[in-house]
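Chemist: Pasting upload.cif below, which is mmCIF, C-alpha atoms.
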data_final
#
loop_
_atom_site.label_atom_id
_atom_site.label_comp_id
_atom_site.auth_asym_id
_atom_site.auth_seq_id
_atom_site.Cartn_x
_atom_site.Cartn_y
_atom_site.Cartn_z
CA MET A 3 1.46 -6.58 19.82
CA GLY A 4 3.01 -6.09 23.21
CA ALA A 5 2.80 -9.83 23.80
CA ILE A 6 4.49 -10.47 20.46
CA ALA A 7 7.31 -8.05 21.23
CA ALA A 8 7.77 -9.48 24.73
CA ALA A 9 8.13 -12.98 23.30
CA SER A 10 11.66 -12.14 22.24
CA GLU A 11 14.02 -12.70 25.17
CA CYS A 12 16.56 -10.21 23.84
CA LEU A 13 14.15 -7.29 24.28
CA ALA A 14 14.52 -7.10 28.05
CA GLU A 15 17.72 -5.04 27.77
CA ASP A 16 18.08 -4.31 24.05
CA GLY A 17 15.79 -3.29 21.25
CA GLY A 18 15.45 -3.91 17.55
CA PHE A 19 15.14 -1.46 14.69
CA ARG A 20 14.81 -1.35 10.93
CA LEU A 21 15.22 1.52 8.47
CA MET A 22 12.38 2.13 6.04
CA PRO A 23 13.61 4.03 2.97
CA ARG A 24 10.75 2.94 0.71
CA ALA A 25 7.63 5.11 0.86
CA ASP A 26 4.99 2.44 0.25
CA PHE A 27 6.54 0.20 2.92
CA ALA A 28 6.58 3.13 5.36
CA LEU A 29 2.88 3.83 4.83
CA ASP A 30 2.08 0.14 5.00
CA ALA A 31 3.89 -0.07 8.37
CA ARG A 32 1.73 2.66 9.87
CA ILE A 33 -1.48 1.12 8.58
CA GLU A 34 -0.49 -2.31 9.92
CA LEU A 35 0.35 -0.85 13.34
CA ILE A 36 -3.08 0.78 13.49
CA ARG A 37 -4.91 -2.35 12.42
CA ARG A 38 -3.05 -4.66 14.80
CA ALA A 39 -3.12 -2.33 17.83
CA ARG A 40 -5.41 -3.30 20.67
CA PRO A 41 -4.88 -1.27 23.87
CA SER A 42 -3.55 2.02 22.49
CA LEU A 43 -2.24 4.20 19.69
CA ASP A 44 -0.24 7.39 20.31
CA VAL A 45 0.32 9.48 17.17
CA GLN A 46 2.31 12.74 16.97
CA TYR A 47 3.04 14.76 13.82
CA ILE A 48 3.61 18.27 12.56
CA GLN A 49 1.49 17.71 9.45
CA ILE A 50 -1.51 15.64 8.44
CA GLY A 51 -2.48 16.27 4.84
CA ASN A 52 -6.03 17.05 3.80
CA ASP A 53 -5.53 14.46 1.08
CA ALA A 54 -5.89 10.73 0.42
CA THR A 55 -3.10 9.73 2.81
CA GLY A 56 -4.19 11.99 5.65
CA ARG A 57 -7.83 10.98 5.40
CA GLN A 58 -6.97 7.29 5.18
CA ILE A 59 -4.86 7.49 8.34
CA LEU A 60 -7.59 9.41 10.18
CA ARG A 61 -10.20 6.83 9.17
CA GLU A 62 -7.93 3.96 10.23
CA LEU A 63 -7.48 5.64 13.62
CA ARG A 64 -11.25 6.01 13.95
CA ASP A 65 -11.73 2.34 13.10
CA ALA A 66 -9.12 1.32 15.68
CA ALA A 67 -11.04 3.24 18.34
CA LEU A 68 -14.26 1.51 17.31
CA ARG A 69 -12.47 -1.82 17.85
CA GLY A 70 -11.64 -0.73 21.39
CA ALA A 71 -8.21 0.92 21.21
CA ARG A 72 -7.54 4.19 23.03
CA VAL A 73 -6.34 6.68 20.42
CA ARG A 74 -4.42 9.89 21.13
CA LEU A 75 -3.56 12.19 18.23
CA LEU A 76 -1.29 15.20 18.79
CA VAL A 77 -0.75 17.51 15.82
CA ASP A 78 1.14 20.76 15.55
CA ASP A 79 -1.48 23.35 14.67
CA ILE A 80 0.67 24.67 11.82
CA GLY A 81 -0.17 21.47 9.94
CA THR A 82 -3.96 21.34 10.37
CA GLU A 83 -5.13 23.80 7.72
CA GLY A 84 -8.46 22.63 6.31
CA LEU A 85 -8.76 19.79 8.83
CA ASP A 86 -10.80 21.41 11.61
CA GLU A 87 -14.04 19.60 10.85
CA LEU A 88 -12.33 16.25 10.31
CA LEU A 89 -10.41 16.54 13.58
CA LEU A 90 -13.58 17.46 15.44
CA GLY A 91 -15.31 14.45 13.91
CA LEU A 92 -12.47 12.17 14.93
CA ALA A 93 -12.47 13.63 18.45
CA ALA A 94 -16.21 12.92 18.71
CA THR A 95 -15.49 9.21 18.37
CA PRO A 96 -15.46 7.31 21.69
CA ARG A 97 -11.96 6.54 23.00
CA VAL A 98 -10.34 9.18 20.75
CA GLN A 99 -8.62 12.32 22.00
CA VAL A 100 -7.19 14.98 19.67
CA ARG A 101 -4.94 17.83 20.80
CA LEU A 102 -3.34 20.72 18.91
CA PHE A 103 0.17 21.86 19.84
CA ASN A 104 1.02 25.58 19.93
CA ARG A 105 -2.39 26.57 18.65
CA PHE A 106 -3.58 29.32 16.36
CA ALA A 107 -6.65 30.58 18.16
CA ALA A 108 -7.78 33.01 15.45
CA GLY A 109 -8.04 33.08 11.66
CA ARG A 110 -8.51 29.38 11.19
CA GLY A 111 -9.88 29.74 7.67
CA SER A 112 -6.43 29.83 6.02
CA MET A 113 -2.75 29.90 6.89
CA PRO A 114 -2.29 33.64 6.07
CA GLN A 115 -5.26 34.42 8.32
CA ARG A 116 -3.81 32.30 11.12
CA ILE A 117 -0.44 34.05 10.95
CA ALA A 118 -2.03 37.50 10.65
CA GLY A 119 -4.16 36.81 13.71
CA ALA A 120 -1.12 35.87 15.77
CA LEU A 121 1.51 38.45 14.79
CA SER A 122 1.75 39.70 18.36
CA GLU A 123 2.91 36.19 19.37
CA PHE A 124 5.24 35.60 16.45
CA ARG A 125 8.19 34.42 18.57
CA ARG A 126 6.05 31.70 20.15
CA LEU A 127 4.48 30.66 16.87
CA GLY A 128 7.86 30.36 15.18
CA ARG A 129 8.69 27.34 17.30
CA ARG A 130 6.90 24.26 16.08
CA MET A 131 6.64 20.62 17.17
CA HIS A 132 8.59 18.72 14.50
CA ASN A 133 8.27 15.35 16.24
CA LYS A 134 7.04 12.45 14.13
CA LEU A 135 6.09 9.48 16.28
CA PHE A 136 3.70 6.57 15.90
CA VAL A 137 3.47 4.22 18.92
CA ALA A 138 1.26 1.12 18.95
CA ASP A 139 0.38 -0.63 22.22
CA GLY A 140 3.48 0.88 23.84
CA ALA A 141 5.40 -1.94 22.13
CA MET A 142 6.24 -0.91 18.56
CA ALA A 143 6.85 2.45 16.91
CA VAL A 144 7.67 4.32 13.72
CA VAL A 145 9.92 7.29 14.39
CA GLY A 146 10.92 10.32 12.39
CA GLY A 147 11.03 10.97 8.71
CA ARG A 148 7.68 11.27 7.01
CA ASN A 149 4.62 13.33 7.86
CA LEU A 150 1.16 11.96 7.06
CA ALA A 151 0.55 13.46 3.63
CA ASP A 152 0.60 12.31 0.00
CA GLU A 153 3.92 13.94 -0.86
CA TYR A 154 5.74 11.91 1.80
CA PHE A 155 4.60 8.58 0.33
CA MET A 156 5.10 9.19 -3.41
CA ARG A 157 1.35 9.71 -3.90
CA SER A 158 1.37 13.35 -5.00
CA ALA A 159 0.97 14.15 -8.70
CA GLU A 160 2.96 17.38 -8.29
CA ALA A 161 6.04 16.74 -6.12
CA ASN A 162 7.22 14.18 -3.58
CA PHE A 163 9.83 13.97 -0.83
CA VAL A 164 12.47 11.27 -0.50
CA ASP A 165 12.62 10.45 3.20
CA LEU A 166 13.50 7.80 5.78
CA ASP A 167 11.68 6.30 8.79
CA LEU A 168 12.77 4.03 11.61
CA PHE A 169 10.67 1.10 12.79
CA THR A 170 11.63 0.09 16.33
CA LEU A 171 10.61 -1.99 19.33
CA GLY A 172 12.03 -3.11 22.66
CA ALA A 173 13.86 -1.12 25.30
CA VAL A 174 13.52 2.23 23.54
CA LEU A 175 9.71 2.17 23.66
CA PRO A 176 9.35 3.48 27.25
CA VAL A 177 11.60 6.39 26.27
CA LEU A 178 9.50 7.18 23.22
CA SER A 179 6.27 6.90 25.20
CA SER A 180 7.67 9.19 27.89
CA ALA A 181 8.61 11.76 25.26
CA TYR A 182 5.12 11.55 23.81
CA ASP A 183 3.53 12.07 27.23
CA ARG A 184 5.64 15.18 27.84
CA TYR A 185 4.23 16.81 24.74
CA TRP A 186 0.72 15.49 25.30
CA ASN A 187 0.63 16.89 28.84
CA SER A 188 2.34 20.15 27.91
CA ALA A 189 0.55 23.41 28.68
CA TYR A 190 0.82 24.15 24.95
CA ALA A 191 -1.27 21.12 23.90
CA TYR A 192 -4.97 21.99 23.74
CA PRO A 193 -7.95 19.70 23.10
CA VAL A 194 -9.16 20.47 19.60
CA ARG A 195 -12.66 21.28 20.87
CA GLU A 196 -11.25 24.10 22.99
CA ILE A 197 -9.70 25.74 19.91
CA VAL A 198 -12.10 24.98 17.07
CA SER A 199 -15.70 26.16 17.39
CA THR A 200 -18.59 24.58 15.49
CA ASP A 201 -22.37 24.69 15.36
CA MET A 202 -22.52 21.01 14.44
CA ASP A 203 -23.62 18.49 17.03
CA GLU A 204 -21.74 15.27 17.70
CA ALA A 205 -23.90 13.18 15.37
CA ALA A 206 -23.33 15.60 12.50
CA LEU A 207 -19.58 15.66 13.12
CA LEU A 208 -19.40 11.87 13.12
CA ALA A 209 -21.48 11.64 9.94
CA GLY A 210 -19.40 14.30 8.23
CA PHE A 211 -16.17 12.53 9.17
CA ASP A 212 -17.50 9.25 7.82
CA ARG A 213 -18.51 10.81 4.49
CA ALA A 214 -15.23 12.69 4.03
CA THR A 215 -12.97 9.76 4.81
CA ALA A 216 -15.08 7.15 3.00
CA ALA A 217 -14.28 8.91 -0.28
CA THR A 218 -10.55 8.41 0.28
CA ASP A 219 -8.59 6.55 -2.37
CA PRO A 220 -6.72 4.00 -0.21
CA ALA A 221 -3.07 3.25 -0.77
CA PRO A 222 -2.61 0.22 -3.06
CA PRO A 223 -1.30 -2.93 -1.35
CA THR A 224 2.41 -3.58 -1.66
CA ASP A 225 3.72 -6.41 -3.79
CA PRO A 226 4.29 -9.29 -1.31
CA GLN A 227 7.44 -10.32 -3.18
CA SER A 228 9.02 -6.89 -3.48
CA ARG A 229 11.91 -5.71 -1.30
CA ASP A 230 13.41 -2.32 -0.55
CA LEU A 231 17.00 -1.30 -1.26
CA LEU A 232 18.08 -2.82 2.08
CA GLY A 233 16.60 -6.18 1.13
CA TYR A 234 13.57 -6.00 3.45
CA ARG A 235 10.00 -6.91 2.62
CA SER A 236 6.98 -4.93 3.73
CA ILE A 237 6.35 -5.61 7.41
CA ALA A 238 2.78 -6.67 6.62
CA ARG A 239 4.13 -9.67 4.71
CA VAL A 240 6.41 -11.16 7.36
CA ARG A 241 5.64 -13.92 9.84
CA ALA A 242 6.77 -13.76 13.45
CA ARG A 243 9.99 -15.29 14.71
CA THR A 244 10.99 -14.77 18.30
CA THR A 245 14.67 -15.62 18.63
CA CYS A 246 17.14 -12.82 19.10
CA ASN A 247 19.11 -13.55 15.98
CA ARG A 248 16.03 -13.69 13.77
CA ASP A 249 13.00 -11.46 13.26
CA LEU A 250 11.63 -10.02 16.47
CA THR A 251 7.94 -9.62 15.67
CA ALA A 252 5.24 -10.12 13.12
CA VAL A 253 5.92 -6.61 11.89
CA ALA A 254 9.70 -6.66 11.90
CA SER A 255 12.01 -7.15 8.95
CA SER A 256 12.37 -10.13 6.67
CA GLY A 257 16.00 -10.51 7.74
CA SER A 258 17.74 -9.91 11.07
CA THR A 259 16.80 -6.72 12.86
CA ASN A 260 19.52 -4.47 14.14
CA ARG A 261 19.91 -4.24 17.90
CA THR A 262 20.31 -1.17 20.03
CA GLY A 263 21.63 -0.56 23.52
CA PRO A 264 20.32 1.75 26.25
CA SER A 265 18.89 5.07 25.20
CA THR A 266 19.15 8.52 26.74
CA ARG A 267 16.01 10.04 28.16
CA LEU A 268 14.86 13.50 27.23
CA SER A 269 15.30 16.00 30.01
CA ARG A 270 13.70 19.19 28.70
CA GLU A 271 10.03 20.05 28.92
CA PRO A 272 8.70 20.90 25.45
CA ARG A 273 7.77 24.56 25.12
CA PRO A 274 7.51 26.79 22.07
CA GLY A 275 9.65 29.60 23.42
CA PRO A 276 12.12 31.86 21.60
CA GLY A 277 14.63 30.02 19.50
CA ARG A 278 17.56 30.64 17.23
CA GLY A 279 15.85 29.44 14.07
CA PHE A 280 12.57 29.87 12.31
CA ALA A 281 11.18 26.87 10.48
CA PHE A 282 7.56 25.78 10.12
CA TRP A 283 8.02 22.47 8.35
CA GLY A 284 9.96 19.36 9.20
#
Would you write out, as structure tokens, the structure that this file holds?

Modeler:
Amino acid sequence: MGAIAAASECLAEDGGFRLMPRADFALDARIELIRRARPSLDVQYIQIGNDATGRQILRELRDAALRGARVRLLVDDIGTEGLDELLLGLAATPRVQVRLFNRFAAGRGSMPQRIAGALSEFRRLGRRMHNKLFVADGAMAVVGGRNLADEYFMRSAEANFVDLDLFTLGAVLPVLSSAYDRYWNSAYAYPVREIVSTDMDEAALLAGFDRATAATDPAPPTDPQSRDLLGYRSIARVRARTTCNRDLTAVASSGSTNRTGPSTRLSREPRPGPGRGFAFWG
């Protein structure tokens, strides 16, 4: 995908972006990025659901690693309830690394137990990593908006969120990758195997992951003729054009992408220190 993005001459100084208001298109974009990625995938979220969407994404990441991609998954530990065994299974896959941000070291059986086991560190634990970033091959990304759970993609039978994502590529990608690396290399990001203990060996973890994610009900394919409220088709249905006034990549919009100028780099090191607010979810 990096070669596709670089084929557009306008990307040397500018970038392209597209808003994704429609939930099924937003999920489809993430799945397509995973399936088309070759060198690398960097994924960062506050929540991965222990549901059909979360398990499908985890399995797609595993499959990308089996195809040869390097996969890094960084999840805020507030959003990993019930996922310990799945995350260990994913981390046991070659070329996959999984880290937990601002970990709960005790009481991992449930959220009340986690909070009760960390009351002495409540100020630290009140600051969470709300970043939502999905970078493929260092060339294309989905930023912000939705977490990786059913209720963010209109797949929950109980309640769903209306949200918005940004698909982007070009000059902003080094900034996004740099921001990801700051969190990944933070002293508060721990390899999952240093936090979660298990008596299962690697083979059992891999087999358990395969069984749990194989039972996932995959998201239905989008209608190739449908468009969102902005007039865009799903990115999986669009062919590549490489001129600056047309589509930028095979996974860009069905009309002209918007263009952006230079971006501002982040200057602060991420750390879950004392803050003015208290909010677990984003």

Chemist: List the neighbours of Leu35 in chain A out to 9 Å using all atoms listed in the file; skip same-chain residues closer than 2 positions along the sequence, and give me the result as a PyMOL selection string.

Modeler: chain A and resi 3+30-33+37-39+43+136-139+142-144+253

Chemist: Per residue of range 36-58 of chain A within 9 Å of range 153-166 of chain A, which atom pair is closest and at what distance in Å (one decimal), using all atoms listed in the file, listed by chain and increasing number, as a Markdown table?

Modeler:
| residue | atom | partner | partner_atom | distance |
| --- | --- | --- | --- | --- |
| A:Gly51 | CA | A:Glu153 | CA | 8.9 |
| A:Ala54 | CA | A:Arg157 | CA | 8.5 |
| A:Thr55 | CA | A:Arg157 | CA | 8.1 |

Chemist: CA of Pro23 in chain A and CA of Leu232 in chain A are how many Å apart?

Modeler: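 Between CA of Pro23 in chain A and CA of Leu232 in chain A the gap is 8.2 Å.
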
Chemist: Could you jot down the CA of Ser188 in chain A to CA of Phe103 in chain A separation for me, Å, one decimal place?

Modeler: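 Separation between CA of Ser188 in chain A and CA of Phe103 in chain A: 8.5 Å.
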
Chemist: Would you translate the PyMOL selection byres ((chain A and resi 105) around 8) into the concrete set of residues it matches in this file, as a list in words?

Modeler: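 After applying the PyMOL selection byres ((chain A and resi 105) around 8), what remains is Asp78, Asp79, Ile80, Leu102, Phe103, Asn104, Phe106, Ala107, Tyr190, Ala191, Tyr192 and Ile197 of chain A.
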
Chemist: If you apply the PyMOL selection byres ((chain A and resi 131) around 7) to this file, what residues do you get, as a PyMOL selection string?

Modeler: chain A and resi 48+78+130+132-133

Chemist: Record the distance separating CA of Arg195 in chain A and CA of Leu85 in chain A, expressed in Å with one decimal.

Modeler: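 If I compute the distance from CA of Arg195 in chain A to CA of Leu85 in chain A, I get 12.7 Å.
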
Chemist: Where does the PyMOL selection byres ((chain A and resi 67) around 10) land in this file, that is, which residues does it pick, as a JSON list (two decimals) with C-alpha atoms, in the coordinates of the input?

Modeler:
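Contents of out_2.json, freshly written:
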[["chain", "number", "residue", "atom", "x", "y", "z"],
["A", 36, "ILE", "CA", -3.08, 0.78, 13.49],
["A", 39, "ALA", "CA", -3.12, -2.33, 17.83],
["A", 40, "ARG", "CA", -5.41, -3.30, 20.67],
["A", 41, "PRO", "CA", -4.88, -1.27, 23.87],
["A", 42, "SER", "CA", -3.55, 2.02, 22.49],
["A", 43, "LEU", "CA", -2.24, 4.20, 19.69],
["A", 61, "ARG", "CA", -10.20, 6.83, 9.17],
["A", 62, "GLU", "CA", -7.93, 3.96, 10.23],
["A", 63, "LEU", "CA", -7.48, 5.64, 13.62],
["A", 64, "ARG", "CA", -11.25, 6.01, 13.95],
["A", 65, "ASP", "CA", -11.73, 2.34, 13.10],
["A", 66, "ALA", "CA", -9.12, 1.32, 15.68],
["A", 68, "LEU", "CA", -14.26, 1.51, 17.31],
["A", 69, "ARG", "CA", -12.47, -1.82, 17.85],
["A", 70, "GLY", "CA", -11.64, -0.73, 21.39],
["A", 71, "ALA", "CA", -8.21, 0.92, 21.21],
["A", 72, "ARG", "CA", -7.54, 4.19, 23.03],
["A", 73, "VAL", "CA", -6.34, 6.68, 20.42],
["A", 74, "ARG", "CA", -4.42, 9.89, 21.13],
["A", 92, "LEU", "CA", -12.47, 12.17, 14.93],
["A", 95, "THR", "CA", -15.49, 9.21, 18.37],
["A", 96, "PRO", "CA", -15.46, 7.31, 21.69],
["A", 97, "ARG", "CA", -11.96, 6.54, 23.00],
["A", 98, "VAL", "CA", -10.34, 9.18, 20.75]]

Chemist: Ranking A:Asp167, A:Asp26, A:Asp219, A:Asp86 by minimum distance to Pro193 in chain A and counting only C-alpha atoms, which one comes first?

Modeler: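 Answer, going by the shortest atom-to-atom distance: A:Asp86.
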
Chemist: Which residue is closest to Gln99 in chain A? Choose from A:Ala209, A:Gln227, A:Val77, A:Glu83 and count all atoms listed in the file.

Modeler: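 Ranking A:Ala209, A:Gln227, A:Val77, A:Glu83 by distance to Gln99 in chain A, first place goes to A:Val77.
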
Chemist: Counting all atoms listed in the file, which residue out of A:Leu168, A:Leu60, A:Leu76, A:Leu89 sits closest to Gly146 in chain A?

Modeler: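 Of the candidates, the smallest distance to Gly146 in chain A is held by A:Leu168.
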
Chemist: Choose the residue, out of A:Leu21, A:Leu29, A:Ala216, A:Ala181, that has the smallest atom-to-atom separation from Gln46 in chain A; count only C-alpha atoms.

Modeler: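 Selected residue with least distance to Gln46 in chain A: A:Ala181.
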
Chemist: Skipping near chain neighbours, those fewer than 3 positions away, what residues fall within 8 Å of Phe27 in chain A using all atoms listed in the file, listed as a VMD selection string?

Modeler: chain A and resid 22 24 30 to 31 224 235 to 237
